[in-house]
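Data from final33.cif: mmCIF, C-alpha atoms
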```
data_work
loop_
_atom_site.label_atom_id
_atom_site.label_comp_id
_atom_site.auth_asym_id
_atom_site.auth_seq_id
_atom_site.Cartn_x
_atom_site.Cartn_y
_atom_site.Cartn_z
CA MET A 24 59.28 97.02 165.79
CA SER A 25 55.68 97.71 166.61
CA PRO A 26 54.17 94.69 168.31
CA LEU A 27 50.54 94.23 167.39
CA ASN A 28 49.07 95.23 170.73
CA GLU A 29 51.16 98.39 171.14
CA PRO A 30 50.33 101.84 169.75
CA LEU A 31 50.81 102.22 166.03
CA THR A 32 53.87 103.89 164.59
CA GLU A 33 53.52 106.84 162.26
CA PHE A 34 54.06 104.61 159.28
CA GLU A 35 51.26 102.32 160.39
CA ARG A 36 48.96 105.24 161.10
CA ASN A 37 49.63 106.62 157.63
CA ALA A 38 48.97 103.26 156.09
CA ARG A 39 45.72 102.97 158.01
CA VAL A 40 44.61 106.43 156.83
CA LEU A 41 45.30 105.44 153.25
CA LEU A 42 43.55 102.09 153.55
CA GLU A 43 40.50 103.66 155.16
CA GLU A 44 40.47 106.29 152.44
CA SER A 45 40.51 103.57 149.81
CA VAL A 46 37.62 101.82 151.59
CA SER A 47 35.63 105.05 151.63
CA ARG A 48 36.13 105.35 147.88
CA ILE A 49 34.51 102.03 147.07
CA ASP A 50 31.94 102.81 144.41
CA GLY A 51 28.19 102.66 144.82
CA ARG A 52 27.78 99.64 142.57
CA THR A 53 30.11 97.53 144.70
CA ARG A 54 28.45 98.77 147.90
CA SER A 55 25.09 97.83 146.50
CA ARG A 56 26.27 94.33 145.56
CA LEU A 57 27.78 93.83 149.01
CA ASN A 58 24.52 94.98 150.55
CA GLN A 59 22.58 92.49 148.43
CA ALA A 60 25.04 89.73 149.33
CA ARG A 61 24.57 90.47 153.03
CA HIS A 62 20.80 90.33 152.81
CA ALA A 63 20.97 87.12 150.79
CA ALA A 64 23.23 85.57 153.44
CA LEU A 65 20.90 86.58 156.27
CA GLU A 66 17.89 85.33 154.36
CA ALA A 67 19.60 82.01 153.71
CA ALA A 68 20.43 81.70 157.40
CA GLY A 69 16.82 82.43 158.31
CA THR A 70 15.43 79.83 155.93
CA PRO A 71 15.05 76.57 157.85
CA ARG A 72 16.95 73.70 156.33
CA ARG A 73 14.99 70.61 155.46
CA ALA A 74 15.05 67.87 158.01
CA TRP A 75 17.34 64.87 157.45
CA TRP A 76 14.42 62.58 156.68
CA TRP A 77 13.20 64.95 153.99
CA ARG A 78 16.65 65.18 152.46
CA SER A 79 16.87 61.39 152.48
CA TYR A 80 13.53 61.16 150.66
CA THR A 81 14.74 63.52 147.99
CA LEU A 82 17.74 61.26 147.46
CA MET A 83 15.62 58.14 147.09
CA PRO A 84 15.21 58.18 143.28
CA THR A 85 18.97 58.54 142.83
CA ALA A 86 19.65 55.77 145.31
CA GLY A 87 17.10 53.52 143.58
CA VAL A 88 18.67 54.01 140.16
CA ALA A 89 22.14 53.40 141.60
CA ALA A 90 20.98 50.17 143.26
CA ALA A 91 19.34 48.94 140.05
CA VAL A 92 22.50 49.61 138.06
CA LEU A 93 24.56 47.78 140.68
CA VAL A 94 22.31 44.72 140.58
CA ALA A 95 22.35 44.69 136.77
CA LEU A 96 26.14 44.86 136.73
CA VAL A 97 26.47 42.01 139.23
CA LEU A 98 24.09 39.81 137.25
CA TRP A 99 25.76 40.63 133.95
CA HIS A 100 29.23 39.75 135.28
CA ARG A 101 28.08 36.53 136.86
CA GLU A 102 26.24 35.19 133.78
CA PRO A 103 29.17 33.58 131.87
CA ALA A 104 30.38 31.70 134.94
CA VAL A 105 27.06 29.95 135.53
CA GLU A 106 26.32 27.00 133.21
CA SER A 107 22.78 26.18 132.46
CA PRO A 108 21.56 22.88 133.97
CA VAL A 109 19.94 22.11 130.59
CA LEU A 110 23.36 22.14 128.92
CA GLU A 111 24.81 19.93 131.63
CA GLY A 112 21.99 17.52 131.00
CA GLN A 113 22.71 17.59 127.28
CA HIS A 114 26.40 16.68 127.90
CA ALA A 115 25.37 13.84 130.13
CA VAL A 116 22.99 12.49 127.49
CA GLU A 117 25.75 12.69 124.84
CA ASP A 118 28.17 10.80 127.13
CA ILE A 119 25.60 8.06 127.68
CA ASP A 120 24.98 7.86 123.90
CA LEU A 121 28.71 7.38 123.25
CA LEU A 122 29.03 4.67 125.87
CA ALA A 123 25.96 2.89 124.58
CA ASP A 124 27.09 3.15 120.91
CA SER A 125 27.09 -0.45 119.63
CA GLU A 126 29.47 0.23 116.71
CA GLY A 127 32.13 1.61 119.05
CA LEU A 128 31.92 -1.52 121.18
CA GLU A 129 32.29 -3.74 118.11
CA LEU A 130 35.43 -1.82 117.06
CA MET A 131 36.86 -2.28 120.55
CA ASP A 132 36.28 -6.04 120.27
CA GLY A 133 38.65 -6.38 117.29
CA TRP A 134 41.28 -3.96 118.72
CA ASP A 135 44.82 -5.03 117.74
CA GLY A 136 47.11 -2.64 119.51
CA PRO A 137 50.55 -4.11 118.65
CA PHE A 138 49.67 -4.19 114.92
CA TYR A 139 48.74 -0.54 114.79
CA GLU A 140 51.96 0.39 116.68
CA TRP A 141 54.06 -1.61 114.17
CA ALA A 142 52.19 -0.04 111.21
CA THR A 143 52.78 3.52 112.52
CA THR A 144 56.54 2.87 113.07
CA ASN A 145 56.89 1.23 109.70
CA GLU A 146 55.19 4.13 107.95
CA ALA A 147 57.56 6.61 109.64
CA ASN A 148 60.62 4.57 108.52
CA VAL A 149 59.39 4.46 104.88
CA ALA A 150 58.89 8.22 104.91
CA SER A 151 62.45 8.89 106.24
CA ASP A 152 64.04 6.47 103.65
CA SER A 153 62.32 8.14 100.70
CA MET B 17 43.41 88.51 178.60
CA SER B 18 41.64 89.17 175.36
CA GLU B 19 37.88 88.83 175.06
CA PHE B 20 38.61 86.52 172.21
CA ALA B 21 40.12 83.93 174.54
CA THR B 22 36.82 82.06 174.53
CA LEU B 23 37.91 80.19 171.42
CA ALA B 24 39.76 77.03 172.30
CA SER B 25 42.56 76.94 169.80
CA PRO B 26 43.87 79.47 167.31
CA TYR B 27 44.55 76.67 164.83
CA SER B 28 41.19 75.01 164.43
CA MET B 29 37.75 76.26 163.53
CA PRO B 30 34.98 75.64 166.07
CA VAL B 31 32.46 73.07 165.00
CA ALA B 32 29.81 74.54 162.73
CA LEU B 33 26.53 74.47 164.58
CA HIS B 34 24.32 74.68 161.51
CA GLY B 35 21.85 76.36 163.80
CA ASP B 36 19.55 78.14 161.43
CA LEU B 37 18.07 81.31 162.78
CA ASP B 38 14.39 80.75 163.29
CA LEU B 39 13.21 84.28 162.65
CA THR B 40 9.87 83.63 164.28
CA VAL B 41 11.62 83.52 167.64
CA PRO B 42 12.29 87.03 169.06
CA GLU B 43 15.78 86.10 170.26
CA ALA B 44 16.70 84.93 166.77
CA GLN B 45 15.41 88.17 165.31
CA THR B 46 17.68 90.10 167.66
CA ARG B 47 20.59 87.90 166.65
CA SER B 48 19.81 88.35 162.98
CA ARG B 49 19.80 92.11 163.43
CA ALA B 50 23.13 91.93 165.25
CA LEU B 51 24.56 89.78 162.47
CA ASN B 52 23.32 92.22 159.88
CA GLN B 53 24.97 95.07 161.77
CA PHE B 54 28.20 93.12 162.10
CA LEU B 55 28.33 92.20 158.43
CA ALA B 56 27.51 95.76 157.39
CA GLY B 57 30.44 96.92 159.51
CA VAL B 58 33.00 94.56 158.01
CA GLU B 59 31.87 94.11 154.41
CA LEU B 60 33.74 97.04 152.88
CA LYS B 61 37.03 96.28 154.62
CA ALA B 62 36.62 92.61 153.86
CA PHE B 63 36.10 93.47 150.23
CA LYS B 64 39.30 95.55 150.21
CA ILE B 65 41.25 92.72 151.84
CA ALA B 66 39.89 90.20 149.35
CA GLN B 67 40.61 92.54 146.48
CA ALA B 68 44.20 93.06 147.64
CA SER B 69 44.72 89.28 147.52
CA LEU B 70 42.68 88.36 144.46
CA ARG B 71 43.19 91.56 142.45
CA HIS B 72 39.84 91.04 140.81
CA GLU B 73 36.68 92.86 141.83
CA ASP B 74 34.14 90.17 140.99
CA ASP B 75 36.19 87.42 142.62
CA ALA B 76 36.59 89.59 145.73
CA LEU B 77 32.82 90.14 145.86
CA ASP B 78 32.20 86.40 145.48
CA ALA B 79 34.65 85.62 148.28
CA VAL B 80 33.03 88.11 150.65
CA GLN B 81 29.55 86.87 149.77
CA ASP B 82 30.54 83.24 150.41
CA ALA B 83 32.12 84.19 153.73
CA MET B 84 28.97 86.05 154.77
CA LEU B 85 26.79 83.12 153.82
CA GLN B 86 28.89 80.59 155.68
CA LEU B 87 29.13 82.72 158.79
CA ALA B 88 25.38 83.33 158.79
CA ARG B 89 24.55 79.69 158.17
CA ALA B 90 27.04 77.89 160.35
CA TYR B 91 28.23 80.27 163.04
CA ALA B 92 25.38 82.70 163.64
CA ASN B 93 24.72 81.12 167.01
CA ARG B 94 28.33 81.55 168.20
CA PRO B 95 29.08 84.38 170.63
CA GLN B 96 29.18 87.72 168.85
CA GLU B 97 32.78 88.49 169.85
CA GLU B 98 33.86 85.46 167.81
CA TRP B 99 32.18 86.59 164.61
CA LYS B 100 34.96 88.85 163.36
CA PRO B 101 37.87 86.37 163.56
CA LEU B 102 35.60 83.60 162.29
CA PHE B 103 34.47 85.71 159.39
CA TYR B 104 38.03 86.59 158.39
CA ARG B 105 39.11 82.97 158.79
CA ILE B 106 36.34 81.85 156.43
CA LEU B 107 37.19 84.67 154.04
CA GLU B 108 40.86 83.72 154.02
CA ASN B 109 40.02 80.09 153.27
CA ARG B 110 37.77 81.19 150.44
CA ILE B 111 40.46 83.48 149.02
CA ARG B 112 42.96 80.63 149.12
CA ASP B 113 40.55 78.29 147.35
CA MET B 114 39.93 80.85 144.64
CA GLN B 115 43.64 81.45 144.16
CA ARG B 116 44.24 77.71 143.78
CA ARG B 117 41.37 77.35 141.34
CA ARG B 118 42.64 80.32 139.39
CA THR B 119 46.10 78.76 139.14
CA VAL B 120 44.61 75.55 137.73
CA ARG B 121 42.32 77.48 135.38
CA GLY B 122 45.29 79.58 134.21
CA ARG B 123 47.21 76.43 133.33
CA VAL B 124 44.30 75.08 131.32
CA MET B 125 43.41 78.36 129.63
CA ALA B 126 47.02 78.92 128.60
CA TRP B 127 46.45 76.19 126.01
CA LEU B 128 43.28 77.72 124.61
CA PRO B 129 43.34 80.70 122.22
CA LEU B 130 40.47 82.51 123.96
CA ARG B 131 39.98 86.25 124.17
CA GLY B 132 40.05 87.99 127.57
CA GLU B 133 36.74 89.02 129.13
CA ASP B 134 37.49 92.73 129.16
CA GLU B 135 38.85 92.98 125.66
CA GLY B 136 36.79 95.08 123.30
CA GLU B 137 34.60 96.55 126.04
CA GLU B 138 33.59 100.17 125.77
CA PRO B 139 35.06 102.44 128.49
CA ASP B 140 32.56 103.39 131.20
CA PRO B 141 31.73 107.12 130.69
CA ILE B 142 30.93 107.59 134.38
CA ALA B 143 34.28 106.20 135.41
CA GLN B 144 35.95 108.47 132.83
CA ALA B 145 34.17 111.63 134.03
CA PRO B 146 36.26 114.26 135.89
CA SER B 147 36.00 114.21 139.67
CA PRO B 148 33.97 117.01 141.32
CA ASP B 149 36.49 117.05 144.22
CA PRO B 150 37.34 120.65 145.23
CA GLN B 151 40.96 119.73 146.13
CA PRO B 152 42.32 117.93 143.10
CA ALA B 153 45.98 118.34 144.16
CA ARG B 154 45.41 116.68 147.53
CA ARG B 155 43.26 114.08 145.85
CA LEU B 156 46.04 113.31 143.42
CA GLU B 157 48.55 112.92 146.25
CA LEU B 158 46.24 110.52 148.01
CA ASP B 159 45.63 108.61 144.80
CA GLN B 160 49.35 108.22 144.20
CA ALA B 161 50.04 107.16 147.78
CA MET B 162 47.16 104.68 147.68
CA THR B 163 48.30 103.22 144.40
CA ALA B 164 51.84 102.89 145.75
CA LEU B 165 50.59 101.21 148.93
CA GLU B 166 48.31 98.83 147.04
CA GLN B 167 51.14 97.88 144.69
CA ALA B 168 53.51 97.33 147.60
CA LEU B 169 50.86 95.23 149.37
CA GLY B 170 50.36 93.22 146.20
CA GLY B 171 54.06 92.41 146.18
CA LEU B 172 54.03 91.01 149.72
CA PRO B 173 53.82 87.28 150.41
CA ARG B 174 50.23 86.23 151.14
CA ARG B 175 50.64 85.70 154.89
CA GLN B 176 52.46 88.98 155.41
CA ARG B 177 49.81 90.88 153.48
CA GLN B 178 47.08 89.20 155.47
CA ALA B 179 48.69 89.99 158.82
CA PHE B 180 49.25 93.61 157.82
CA LEU B 181 45.72 94.18 156.52
CA LEU B 182 44.00 92.53 159.46
CA ARG B 183 46.00 94.68 161.81
CA ALA B 184 46.22 98.00 159.97
CA LEU B 185 42.83 98.01 158.28
CA GLU B 186 40.64 95.87 160.50
CA GLY B 187 42.41 96.71 163.77
CA MET B 188 42.41 93.16 165.07
CA ASP B 189 44.63 92.16 168.00
CA VAL B 190 47.19 89.35 168.02
CA ALA B 191 44.82 86.63 169.21
CA GLN B 192 42.12 87.51 166.73
CA THR B 193 44.61 87.78 163.89
CA ALA B 194 46.15 84.43 164.86
CA PHE B 195 42.75 82.76 164.72
CA ALA B 196 41.81 84.44 161.45
CA MET B 197 45.11 83.31 159.92
CA GLY B 198 45.05 79.86 161.49
CA CYS B 199 48.50 80.15 163.02
CA SER B 200 50.20 80.97 166.33
CA GLU B 201 50.48 84.45 167.79
CA GLY B 202 54.25 84.29 167.34
CA SER B 203 53.80 83.66 163.62
CA VAL B 204 51.44 86.62 163.38
CA LYS B 205 54.05 88.91 164.95
CA THR B 206 56.73 87.62 162.60
CA HIS B 207 54.55 88.03 159.49
CA TYR B 208 53.47 91.48 160.56
CA PHE B 209 57.01 92.65 161.35
CA ARG B 210 58.30 91.40 158.01
CA ALA B 211 55.41 93.06 156.18
CA LEU B 212 56.22 96.36 157.88
CA GLN B 213 59.89 96.06 156.97
CA ALA B 214 59.08 95.27 153.35
CA LEU B 215 56.60 98.13 153.04
CA ARG B 216 58.99 100.63 154.64
CA ALA B 217 61.72 99.50 152.27
CA GLU B 218 59.37 99.91 149.31
CA LEU B 219 57.61 103.13 150.26
CA GLY B 220 59.90 104.93 152.71
CA ASP B 221 59.02 105.97 156.23
CA PHE B 222 56.94 109.04 155.43
CA TYR B 223 55.30 108.43 152.14
CA LEU B 224 52.05 110.21 152.90
#
```
Whole structure given in structure tokens:
Amino acid sequence: MSPLNEPLTEFERNARVLLEESVSRIDGRTRSRLNQARHAALEAAGTPRRAWWWRSYTLMPTAGVAAAVLVALVLWHREPAVESPVLEGQHAVEDIDLLADSEGLELMDGWDGPFYEWATTNEANVASDS
Amino acid sequence: MSEFATLASPYSMPVALHGDLDLTVPEAQTRSRALNQFLAGVELKAFKIAQASLRHEDDALDAVQDAMLQLARAYANRPQEEWKPLFYRILENRIRDMQRRRTVRGRVMAWLPLRGEDEGEEPDPIAQAPSPDPQPARRLELDQAMTALEQALGGLPRRQRQAFLLRALEGMDVAQTAFAMGCSEGSVKTHYFRALQALRAELGDFYL
């Protein structure tokens, strides 16, 4: 075994020679692209990043649209649950009309409950006999 | 004690400083020059290491470029002796991401009847031209040995290959390699020893 911090064995030395040879054979096109990549990286590091407040300003339109969509969704979902006070008023008016209906009160005056119960039973018996 | 002992833990990356280099400041200019020199010194080996893992030239170039960019952007203000292990740590992470993405892409593309990128391309006449090397026999030997080594490296598990390349090609010590690989020094020794065993078994002791 050749621990990492001890001198290399012959096998390792040979491998290193081969690997370094393969590095030296990297073609010009690849070297050029690596060179460009390095300069681009250094240039990017040298370009000051925008301050946080500037980045937050640039996000404002997106945040505004998102907030508007959220509000619209909330309103749209809540709409069916809320009944209009006008409709409630209409129901109340209808209830009052029914209670104040004079014909209904006249019918209630002549209400003969036991007769109608007898008539319903009798009609059911006639139907079962036939 | 290694110079690299300034880093707290071999398992975790130091916090990115995001300290952009203000090139109007003389000290930053010096640092930028040092970074340029450092990157120029490692870029070819890094490319080889990435290529051995990704087996694709363009992907290897992308991985090295991303690693350069991240080092320059986030760690340029770290001490210079930390740059090399940091750079290789970033590169390794990038390689792993690309391998994962490639696996997913491969699964998706397997369902699509698309033609390969290289199919139908004309051969490059420059690449096909005979070499002007005055010692073609020696050149051929080297070519064969290199091909055999690259194939054997390609057959190694990822961690073993990484440990071997960082040691044999980049010449990093145990602590640096451990940081670059994100594991303990003991693991580095184990991976490296197993890589050596596998390569010897594949290539023989004196293959050059």
Expansion of the PyMOL selection byres ((chain B) within 8 of (chain A)) into residues, as a VMD selection string: chain B and resid 36 to 39 48 51 to 52 55 to 56 59 to 61 64 77 80 to 81 84 to 86 88 to 89 158 161 to 162 165 183 to 185 189 to 190 205 208 to 209 216 221 to 222 224
Same residues, C-alpha atoms, saved as a PDB file, keeping the file's coordinate frame:
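The result, stored in out-v4.pdb:
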```
ATOM      1  CA  ASP B  36      19.550  78.140 161.430  1.00  0.00           C
ATOM      2  CA  LEU B  37      18.070  81.310 162.780  1.00  0.00           C
ATOM      3  CA  ASP B  38      14.390  80.750 163.290  1.00  0.00           C
ATOM      4  CA  LEU B  39      13.210  84.280 162.650  1.00  0.00           C
ATOM      5  CA  SER B  48      19.810  88.350 162.980  1.00  0.00           C
ATOM      6  CA  LEU B  51      24.560  89.780 162.470  1.00  0.00           C
ATOM      7  CA  ASN B  52      23.320  92.220 159.880  1.00  0.00           C
ATOM      8  CA  LEU B  55      28.330  92.200 158.430  1.00  0.00           C
ATOM      9  CA  ALA B  56      27.510  95.760 157.390  1.00  0.00           C
ATOM     10  CA  GLU B  59      31.870  94.110 154.410  1.00  0.00           C
ATOM     11  CA  LEU B  60      33.740  97.040 152.880  1.00  0.00           C
ATOM     12  CA  LYS B  61      37.030  96.280 154.620  1.00  0.00           C
ATOM     13  CA  LYS B  64      39.300  95.550 150.210  1.00  0.00           C
ATOM     14  CA  LEU B  77      32.820  90.140 145.860  1.00  0.00           C
ATOM     15  CA  VAL B  80      33.030  88.110 150.650  1.00  0.00           C
ATOM     16  CA  GLN B  81      29.550  86.870 149.770  1.00  0.00           C
ATOM     17  CA  MET B  84      28.970  86.050 154.770  1.00  0.00           C
ATOM     18  CA  LEU B  85      26.790  83.120 153.820  1.00  0.00           C
ATOM     19  CA  GLN B  86      28.890  80.590 155.680  1.00  0.00           C
ATOM     20  CA  ALA B  88      25.380  83.330 158.790  1.00  0.00           C
ATOM     21  CA  ARG B  89      24.550  79.690 158.170  1.00  0.00           C
ATOM     22  CA  LEU B 158      46.240 110.520 148.010  1.00  0.00           C
ATOM     23  CA  ALA B 161      50.040 107.160 147.780  1.00  0.00           C
ATOM     24  CA  MET B 162      47.160 104.680 147.680  1.00  0.00           C
ATOM     25  CA  LEU B 165      50.590 101.210 148.930  1.00  0.00           C
ATOM     26  CA  ARG B 183      46.000  94.680 161.810  1.00  0.00           C
ATOM     27  CA  ALA B 184      46.220  98.000 159.970  1.00  0.00           C
ATOM     28  CA  LEU B 185      42.830  98.010 158.280  1.00  0.00           C
ATOM     29  CA  ASP B 189      44.630  92.160 168.000  1.00  0.00           C
ATOM     30  CA  VAL B 190      47.190  89.350 168.020  1.00  0.00           C
ATOM     31  CA  LYS B 205      54.050  88.910 164.950  1.00  0.00           C
ATOM     32  CA  TYR B 208      53.470  91.480 160.560  1.00  0.00           C
ATOM     33  CA  PHE B 209      57.010  92.650 161.350  1.00  0.00           C
ATOM     34  CA  ARG B 216      58.990 100.630 154.640  1.00  0.00           C
ATOM     35  CA  ASP B 221      59.020 105.970 156.230  1.00  0.00           C
ATOM     36  CA  PHE B 222      56.940 109.040 155.430  1.00  0.00           C
ATOM     37  CA  LEU B 224      52.050 110.210 152.900  1.00  0.00           C
TER      38      LEU B 224
END
```
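Atom CA of A:Gly51 is found 22.4 Å from atom CA of B:Arg154.
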Point-to-point distance from atom CA of B:Gln167 to atom CA of B:Gly202, Å rounded to tenths: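 Answer for the atom CA of B:Gln167 to atom CA of B:Gly202 separation: 26.6 Å.
Shortest separation to B:Arg116 among B:Leu70, B:Ala211, B:Thr206, B:Gly170 occurs at residue B:Leu70, atoms counted being only C-alpha atoms.
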Atom CA of B:Arg174 to atom CA of B:Thr119, straight-line distance in Å: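 The value is 14.7 Å.
The shortest atom-to-atom distance to B:Cys199, with all atoms listed in the file taken into account, belongs to B:Arg105 out of B:Arg105, B:Ala153, B:Val124, B:Ala66.
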Residues in the PyMOL selection byres ((chain B and resi 188) around 12), expressed as a ChimeraX atom specification: /A:27-29 /B:18-20,58,97-98,100-101,104,178-187,189-197,204
Step by step, gather every atom of stretch 66-69 of chain A that the file lists, find the box along x, y and z that holds them, add 5 Å on each side, and finally give centre and edge lengths in Å to one decimal, as JSON.
```
{"center_x": 18.6, "center_y": 83.5, "center_z": 156.0, "size_x": 13.6, "size_y": 13.6, "size_z": 14.6}
```
